[in-house]
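Shown here: start_3.pdb, PDB, C-alpha atoms and all ligand atoms.
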```pdb
ATOM      1  CA  MET N 128      42.413  61.066 101.003  1.00  0.00           C
ATOM      2  CA  ARG N 129      41.364  62.524  97.704  1.00  0.00           C
ATOM      3  CA  PHE N 130      41.488  65.778  95.846  1.00  0.00           C
ATOM      4  CA  ALA N 131      39.571  67.054  92.831  1.00  0.00           C
ATOM      5  CA  LEU N 132      40.564  69.881  90.560  1.00  0.00           C
ATOM      6  CA  ALA N 133      38.036  71.438  88.235  1.00  0.00           C
ATOM      7  CA  SER N 134      39.130  74.051  85.778  1.00  0.00           C
ATOM      8  CA  ALA N 135      37.436  76.361  83.368  1.00  0.00           C
ATOM      9  CA  ALA N 136      38.689  77.982  80.225  1.00  0.00           C
ATOM     10  CA  LEU N 137      39.343  81.680  80.337  1.00  0.00           C
ATOM     11  CA  ALA N 138      36.372  83.716  79.283  1.00  0.00           C
ATOM     12  CA  THR N 139      37.315  85.403  76.065  1.00  0.00           C
ATOM     13  CA  PHE N 140      36.433  88.850  77.373  1.00  0.00           C
ATOM     14  CA  VAL N 141      38.702  88.521  80.392  1.00  0.00           C
ATOM     15  CA  SER N 142      42.005  89.413  78.839  1.00  0.00           C
ATOM     16  CA  LEU N 143      43.769  90.873  81.854  1.00  0.00           C
ATOM     17  CA  ALA N 144      43.203  88.073  84.322  1.00  0.00           C
ATOM     18  CA  SER N 145      46.487  86.938  85.802  1.00  0.00           C
ATOM     19  CA  ALA N 146      47.349  83.377  86.700  1.00  0.00           C
ATOM     20  CA  GLU N 147      46.637  82.399  90.247  1.00  0.00           C
ATOM     21  CA  THR N 148      48.384  80.043  92.631  1.00  0.00           C
ATOM     22  CA  HIS N 149      46.242  77.708  94.707  1.00  0.00           C
ATOM     23  CA  ASN N 150      47.842  76.157  97.783  1.00  0.00           C
ATOM     24  CA  VAL N 151      46.649  72.748  98.929  1.00  0.00           C
ATOM     25  CA  THR N 152      47.994  71.119 102.064  1.00  0.00           C
ATOM     26  CA  VAL N 153      48.522  67.365 101.999  1.00  0.00           C
ATOM     27  CA  GLY N 154      48.020  65.439 105.234  1.00  0.00           C
ATOM     28  CA  SER N 155      47.627  68.435 107.525  1.00  0.00           C
ATOM     29  CA  GLY N 156      45.267  67.776 110.435  1.00  0.00           C
ATOM     30  CA  GLY N 157      44.380  64.308 109.205  1.00  0.00           C
ATOM     31  CA  LEU N 158      44.472  62.199 106.096  1.00  0.00           C
ATOM     32  CA  VAL N 159      43.103  64.942 103.928  1.00  0.00           C
ATOM     33  CA  PHE N 160      43.830  67.362 101.173  1.00  0.00           C
ATOM     34  CA  ASN N 161      42.815  70.838 102.229  1.00  0.00           C
ATOM     35  CA  PRO N 162      40.907  72.167 100.433  1.00  0.00           C
ATOM     36  CA  SER N 163      39.600  68.906  99.008  1.00  0.00           C
ATOM     37  CA  SER N 164      38.638  70.509  95.716  1.00  0.00           C
ATOM     38  CA  ILE N 165      39.332  73.735  93.892  1.00  0.00           C
ATOM     39  CA  ASN N 166      38.262  75.500  90.757  1.00  0.00           C
ATOM     40  CA  ALA N 167      41.152  76.710  88.670  1.00  0.00           C
ATOM     41  CA  THR N 168      41.739  78.385  85.364  1.00  0.00           C
ATOM     42  CA  VAL N 169      44.092  77.213  82.637  1.00  0.00           C
ATOM     43  CA  GLY N 170      47.475  78.714  83.440  1.00  0.00           C
ATOM     44  CA  ASP N 171      46.935  78.637  87.188  1.00  0.00           C
ATOM     45  CA  THR N 172      49.397  76.851  89.457  1.00  0.00           C
ATOM     46  CA  VAL N 173      48.359  74.352  92.090  1.00  0.00           C
ATOM     47  CA  SER N 174      50.989  73.992  94.797  1.00  0.00           C
ATOM     48  CA  PHE N 175      50.633  70.925  97.017  1.00  0.00           C
ATOM     49  CA  VAL N 176      52.399  71.456 100.342  1.00  0.00           C
ATOM     50  CA  PHE N 177      53.331  68.280 102.216  1.00  0.00           C
ATOM     51  CA  SER N 178      52.745  67.940 105.937  1.00  0.00           C
ATOM     52  CA  PRO N 179      54.752  65.550 108.139  1.00  0.00           C
ATOM     53  CA  LYS N 180      54.723  61.804 107.544  1.00  0.00           C
ATOM     54  CA  ASN N 181      54.905  60.462 104.036  1.00  0.00           C
ATOM     55  CA  HIS N 182      52.360  61.400 101.420  1.00  0.00           C
ATOM     56  CA  THR N 183      52.014  61.523  97.660  1.00  0.00           C
ATOM     57  CA  VAL N 184      49.965  63.489  95.177  1.00  0.00           C
ATOM     58  CA  THR N 185      48.995  60.944  92.575  1.00  0.00           C
ATOM     59  CA  GLN N 186      46.641  61.436  89.675  1.00  0.00           C
ATOM     60  CA  SER N 187      43.739  59.034  89.376  1.00  0.00           C
ATOM     61  CA  THR N 188      40.421  59.031  87.563  1.00  0.00           C
ATOM     62  CA  PHE N 189      36.808  59.584  88.517  1.00  0.00           C
ATOM     63  CA  ALA N 190      36.104  55.932  87.763  1.00  0.00           C
ATOM     64  CA  ALA N 191      38.984  54.638  89.899  1.00  0.00           C
ATOM     65  CA  PRO N 192      39.799  57.407  92.372  1.00  0.00           C
ATOM     66  CA  CYS N 193      42.208  55.339  94.468  1.00  0.00           C
ATOM     67  CA  LYS N 194      44.233  53.866  91.617  1.00  0.00           C
ATOM     68  CA  ALA N 195      47.118  55.636  89.960  1.00  0.00           C
ATOM     69  CA  MET N 196      46.277  56.611  86.412  1.00  0.00           C
ATOM     70  CA  SER N 197      48.783  55.300  83.901  1.00  0.00           C
ATOM     71  CA  ASN N 198      51.078  58.104  82.770  1.00  0.00           C
ATOM     72  CA  GLY N 199      49.433  60.378  85.301  1.00  0.00           C
ATOM     73  CA  ILE N 200      51.043  62.999  87.485  1.00  0.00           C
ATOM     74  CA  ASP N 201      52.802  61.640  90.576  1.00  0.00           C
ATOM     75  CA  SER N 202      54.821  63.537  93.165  1.00  0.00           C
ATOM     76  CA  ASP N 203      56.259  60.302  94.563  1.00  0.00           C
ATOM     77  CA  PHE N 204      56.494  59.910  98.333  1.00  0.00           C
ATOM     78  CA  GLN N 205      57.513  63.030 100.228  1.00  0.00           C
ATOM     79  CA  PRO N 206      58.850  62.028 103.645  1.00  0.00           C
ATOM     80  CA  VAL N 207      58.618  64.912 106.087  1.00  0.00           C
ATOM     81  CA  SER N 208      59.814  64.666 109.691  1.00  0.00           C
ATOM     82  CA  ALA N 209      57.634  65.991 112.461  1.00  0.00           C
ATOM     83  CA  ASN N 210      59.658  69.014 113.500  1.00  0.00           C
ATOM     84  CA  THR N 211      61.180  70.133 110.255  1.00  0.00           C
ATOM     85  CA  ALA N 212      60.979  73.614 108.897  1.00  0.00           C
ATOM     86  CA  LEU N 213      61.701  72.223 105.440  1.00  0.00           C
ATOM     87  CA  VAL N 214      58.343  71.622 103.860  1.00  0.00           C
ATOM     88  CA  PRO N 215      58.408  70.149 100.381  1.00  0.00           C
ATOM     89  CA  SER N 216      55.885  71.157  97.807  1.00  0.00           C
ATOM     90  CA  TYR N 217      54.898  69.885  94.395  1.00  0.00           C
ATOM     91  CA  SER N 218      53.375  72.173  91.814  1.00  0.00           C
ATOM     92  CA  ILE N 219      51.418  71.601  88.656  1.00  0.00           C
ATOM     93  CA  ILE N 220      50.254  74.114  86.095  1.00  0.00           C
ATOM     94  CA  VAL N 221      46.683  73.641  84.959  1.00  0.00           C
ATOM     95  CA  ASN N 222      46.675  73.004  81.225  1.00  0.00           C
ATOM     96  CA  ALA N 223      43.299  71.407  80.638  1.00  0.00           C
ATOM     97  CA  THR N 224      39.693  72.245  81.282  1.00  0.00           C
ATOM     98  CA  THR N 225      38.737  68.718  82.227  1.00  0.00           C
ATOM     99  CA  PRO N 226      38.486  67.770  85.906  1.00  0.00           C
ATOM    100  CA  LEU N 227      41.590  66.193  87.417  1.00  0.00           C
ATOM    101  CA  TRP N 228      41.574  63.755  90.304  1.00  0.00           C
ATOM    102  CA  PHE N 229      44.315  63.012  92.802  1.00  0.00           C
ATOM    103  CA  PHE N 230      44.827  60.807  95.824  1.00  0.00           C
ATOM    104  CA  CYS N 231      47.617  59.779  98.189  1.00  0.00           C
ATOM    105  CA  ARG N 232      49.271  56.430  97.522  1.00  0.00           C
ATOM    106  CA  GLN N 233      49.978  55.683 101.143  1.00  0.00           C
ATOM    107  CA  SER N 234      48.050  52.485 101.786  1.00  0.00           C
ATOM    108  CA  GLY N 235      44.873  52.619 103.788  1.00  0.00           C
ATOM    109  CA  TYR N 236      43.884  56.157 102.889  1.00  0.00           C
ATOM    110  CA  CYS N 237      41.440  55.435 100.147  1.00  0.00           C
ATOM    111  CA  PRO N 238      38.299  53.492 100.935  1.00  0.00           C
ATOM    112  CA  PHE N 239      39.295  50.833  98.416  1.00  0.00           C
ATOM    113  CA  PRO N 240      43.092  50.550  98.414  1.00  0.00           C
ATOM    114  CA  LEU N 241      44.362  49.334  95.094  1.00  0.00           C
ATOM    115  CA  PHE N 242      47.963  48.430  94.429  1.00  0.00           C
TER     116      PHE N 242
HETATM  117 CU    CU R   1      48.899  60.628 102.397  1.00  0.00          CU
END
```

Target encoding structure tokens, full file:
Amino acid sequence: MRFALASAALATFVSLASAETHNVTVGSGGLVFNPSSINATVGDTVSFVFSPKNHTVTQSTFAAPCKAMSNGIDSDFQPVSANTALVPSYSIIVNATTPLWFFCRQSGYCPFPLF
């Protein structure tokens, strides 16, 4: 399961735009991020909400989408039991205009698992 985040710099003439929060579910209804990609603006928050089982949000690269990027963002594993009302989330604030790539480290999810 993979996720891509593209962001754009604020247009200089848009001075009153407020930061937005984008919710992304992790592992809900399958081994997927939903949505699987978003467009965000610098200053926006992306909140990853973990569904039951045991997923991660781990930054990778376009070149190696299923391999953790060194010094990249990593939520670590978020175990969630099936019937819980306690749903963990992991948020990042967009601070760059370059695309960011994420995957889940649970083995078998990426087409080419790398360890
Ligand atoms: Cu996962």

- request: Quick one: apply the PyMOL selection byres (((chain N and resi 160) around 7) and not hetatm) to the file and drop the selected residues here as a ChimeraX atom specification.
  value: /N:128-130,151-154,159,161-163

message: Could you list, as number ranges by chain, all residues that come within 7 Å of ligand CU 1 (chain R)? Count all atoms listed in the file.
response: N: 128, 153-154, 158, 181-183, 231-233, 236

- request: Identify which of the residues N:Tyr217, N:Phe189, N:Trp228, N:Phe177 lies closest to Ser202 of chain N, counting only C-alpha atoms when measuring atom-to-atom distances.
  value: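 Closest to Ser202 of chain N, using only C-alpha atoms: N:Tyr217.
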
field: Option closest in space to Leu132 of chain N, from N:Ala212, N:Val169, N:Cys237, N:Cys193 [counting all atoms listed in the file]
entry: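 Closest residue, counting all atoms listed in the file: N:Val169.
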
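Put simply, the PyMOL selection byres (((chain N and resi 170) around 7) and not hetatm) on this file hits Ala146, Thr168, Val169, Asp171, Thr172, Ile220, Val221 and Asn222 of chain N.
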
- prompt: Which is closer to Met196 of chain N than all the others in N:Val214, N:Ser208, N:Leu227, N:Val173, using all atoms listed in the file?
  reply: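 Closest to Met196 of chain N, using all atoms listed in the file: N:Leu227.
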
message: I'd like the interatomic distance between atom CA of Ser197 of chain N and atom CA of Ser134 of chain N, to a tenth of an Å.
response: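 For atom CA of Ser197 of chain N relative to atom CA of Ser134 of chain N, the distance reads 21.2 Å.
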
message: Report, in Å to a single decimal, how far apart atom CA of Ser178 of chain N and atom CA of Ser145 of chain N are.
response: 28.4 Å

Which residue of N:Ala209, N:Val184, N:Ala195, N:Ala131 approaches Ile165 of chain N most closely, using all atoms listed in the file: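 Under the stated criterion, the closest residue is N:Ala131.
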
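Only residues having an atom at most 8 Å from (50.3, 77.1, 96.7) are included; using all atoms listed in the file, these are Thr148, His149, Asn150, Val151, Thr172, Val173, Ser174, Phe175, Val176 and Ser218 of chain N.
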
task: Could you tell me how far atom CA of Ser234 of chain N lies from atom CA of Ser164 of chain N, in Å and to one decimal?
output: 21.2 Å

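Of the listed residues (N:Thr185, N:Glu147, N:Gly156, N:Ala167), N:Ala167 comes nearest to Thr225 of chain N; the distances count all atoms listed in the file.
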
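Distances from N:Lys180, N:Gly157, N:Ile219, N:Thr224 to Gly199 of chain N were compared using all atoms listed in the file, and the smallest one belongs to N:Ile219.
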
If you take every atom of segment 221-227 of chain N that the file lists and fit an axis-aligned box around them with 3 Å extra on each side, what centre and edge lengths come out in Å to one decimal, as AutoDock Vina command-line options?
```
--center_x 42.6 --center_y 69.9 --center_z 84.0 --size_x 14.2 --size_y 13.4 --size_z 12.8
```
